[in-house]
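**Q** For reference, the structure I am asking about is given below.
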Amino acid sequence: MQITTCTKDDFDQILSNLNSFWGNLSSARLNKIKHLHHPILIYELGDNAFVIKEDGQVLSYLFGLFSQTEPLAYVQFVATHRDYRRQGLAKRLYEHFIAKAKENGYRYVKAITTSSNKESISFHKNLGMDLLGEPNEDGIPVVKDYAGPGQDRVVFFRGIVS
């Protein structure tokens, strides 16, 4: 299993199998997730979109962005097919992305999620990322109104070690 740049065929495979990566979602939630997987992530920003495949099947993917105004690398998505979780694939993709960011002079990595996404929170904590913000009613640090009025988000942040 190698890390490669995400191709259009890989992207189409991911979109066709979103429930395999994100769980059994309602059709409304699935459409929202699908909408966030914008093709710009592979066409214009594709050198920061990575997959791990085996026998032509995408097992895990990460879509990232590099800030144009600050030394910040941002992870838009990281997901692993439900049949291949707990094998360190998402962690490998993160490490690959961070190494690329470091090569290009970026000093920080950032990601966000909702406070209800306990699996993502646990994963990012295990990567050594800090949670920014103030504790919400459940004690989870969030940045208030991060995604707009009433749309708090868990913001993960970590320095990239030189």
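In the structure tokens, each chain is lettered A, B, ... as it comes, each chain's residues begin at 1, and ligands are numbered from 1 in order of appearance.
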Quick one: everything within 12 Å of region 4-14 of chain A, counting only C-alpha atoms, minus sequence neighbours fewer than 3 positions away in the same chain. Send it as an MDAnalysis selection string.

**A** chainID A and resid 1 17:22 33:34 37:54 56:64 77:81 92:93 96:97

**Q** Just C-alpha atoms for this one: save the residues we selected as an mmCIF file, in the first residue's frame.

**A**
```cif
data_model
loop_
_atom_site.group_PDB
_atom_site.id
_atom_site.type_symbol
_atom_site.label_atom_id
_atom_site.label_comp_id
_atom_site.auth_asym_id
_atom_site.auth_seq_id
_atom_site.Cartn_x
_atom_site.Cartn_y
_atom_site.Cartn_z
ATOM 1 C CA MET A 1 0.000 0.000 0.000
ATOM 2 C CA ASN A 17 -18.626 5.103 -1.729
ATOM 3 C CA LEU A 18 -18.945 7.959 0.770
ATOM 4 C CA ASN A 19 -20.980 5.839 3.194
ATOM 5 C CA SER A 20 -18.107 3.348 3.326
ATOM 6 C CA PHE A 21 -15.819 6.148 4.501
ATOM 7 C CA TRP A 22 -18.199 8.245 6.599
ATOM 8 C CA ILE A 33 -20.638 15.613 2.757
ATOM 9 C CA LYS A 34 -20.683 15.010 -1.003
ATOM 10 C CA HIS A 37 -15.977 17.100 -1.710
ATOM 11 C CA HIS A 38 -15.648 19.763 -4.376
ATOM 12 C CA PRO A 39 -13.724 18.803 -7.543
ATOM 13 C CA ILE A 40 -11.458 21.831 -7.054
ATOM 14 C CA LEU A 41 -9.728 19.666 -4.440
ATOM 15 C CA ILE A 42 -8.298 17.461 -7.181
ATOM 16 C CA TYR A 43 -8.269 19.683 -10.268
ATOM 17 C CA GLU A 44 -6.777 22.895 -8.902
ATOM 18 C CA LEU A 45 -5.381 21.715 -5.560
ATOM 19 C CA GLY A 46 -4.686 18.094 -6.470
ATOM 20 C CA ASP A 47 -1.046 18.040 -5.472
ATOM 21 C CA ASN A 48 -2.353 18.074 -1.880
ATOM 22 C CA ALA A 49 -4.898 15.262 -2.345
ATOM 23 C CA PHE A 50 -3.604 11.816 -1.422
ATOM 24 C CA VAL A 51 -4.917 8.267 -1.342
ATOM 25 C CA ILE A 52 -3.801 4.884 -0.151
ATOM 26 C CA LYS A 53 -5.012 2.138 -2.487
ATOM 27 C CA GLU A 54 -4.804 -1.613 -2.715
ATOM 28 C CA GLY A 56 -7.274 -0.367 -7.303
ATOM 29 C CA GLN A 57 -9.528 0.267 -4.292
ATOM 30 C CA VAL A 58 -9.164 3.512 -2.330
ATOM 31 C CA LEU A 59 -8.718 2.556 1.318
ATOM 32 C CA SER A 60 -8.039 5.996 2.785
ATOM 33 C CA TYR A 61 -7.765 9.579 1.563
ATOM 34 C CA LEU A 62 -6.675 13.026 2.688
ATOM 35 C CA PHE A 63 -7.442 16.322 0.958
ATOM 36 C CA GLY A 64 -5.361 19.245 2.188
ATOM 37 C CA PHE A 77 -10.769 15.725 4.876
ATOM 38 C CA VAL A 78 -9.183 12.542 6.081
ATOM 39 C CA ALA A 79 -11.188 9.329 5.947
ATOM 40 C CA THR A 80 -10.616 5.599 5.885
ATOM 41 C CA HIS A 81 -12.915 2.941 4.450
ATOM 42 C CA ARG A 92 0.196 7.705 7.500
ATOM 43 C CA LEU A 93 -1.625 10.168 5.233
ATOM 44 C CA HIS A 96 2.818 12.390 4.516
ATOM 45 C CA PHE A 97 0.910 15.676 4.261
#
```

**Q** Residues near Ser116 (chain A), anyone? I mean within 12 Å using only C-alpha atoms, not counting same-chain ones fewer than 6 positions away, as a PyMOL selection string.

**A** chain A and resi 122+136-142+152-154

**Q** Could you work out how far CA of Phe157 (chain A) lies from CA of Lys125 (chain A), giving the answer in Å with one decimal?

**A**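 Calculated distance between CA of Lys125 (chain A) and CA of Phe157 (chain A) is 9.9 Å.
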
**Q** Mind the document's chain letters and residue numbers, and return as a ChimeraX atom specification the residues of region 19-129 of chain A that DSSP labels strand (DSSP E).

**A** /A:49-54,57-66,72-80,108-113

**Q** Which one is closest to Phe66 (chain A): A:Lys118, A:Arg29, A:Lys110, A:Lys144? Count only C-alpha atoms.

**A**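 Among the listed residues, A:Lys110 lies closest to Phe66 (chain A).
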
**Q** Between CA of Ala99 (chain A) and CA of Glu119 (chain A), what is the distance, to one decimal in Å?

**A**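 Value for the CA of Ala99 (chain A)-CA of Glu119 (chain A) distance: 23.9 Å.
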
**Q** DSSP on the backbone: what in chain A comes out helix (DSSP H, G or I), as a ChimeraX atom specification?

**A** /A:8-16,18-22,27-36,40-43,46-48,82-84,89-103,118-126

**Q** Using only C-alpha atoms, which of A:Glu134, A:Glu70, A:Asp83, A:Asp55 sits nearest Ser115 (chain A)?

**A**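 For Ser115 (chain A), the nearest of the given residues is A:Glu134.
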
**Q** Please, what distance in Å, to one decimal, runs between CA of Glu95 (chain A) and CA of Thr114 (chain A)?

**A** 22.6 Å
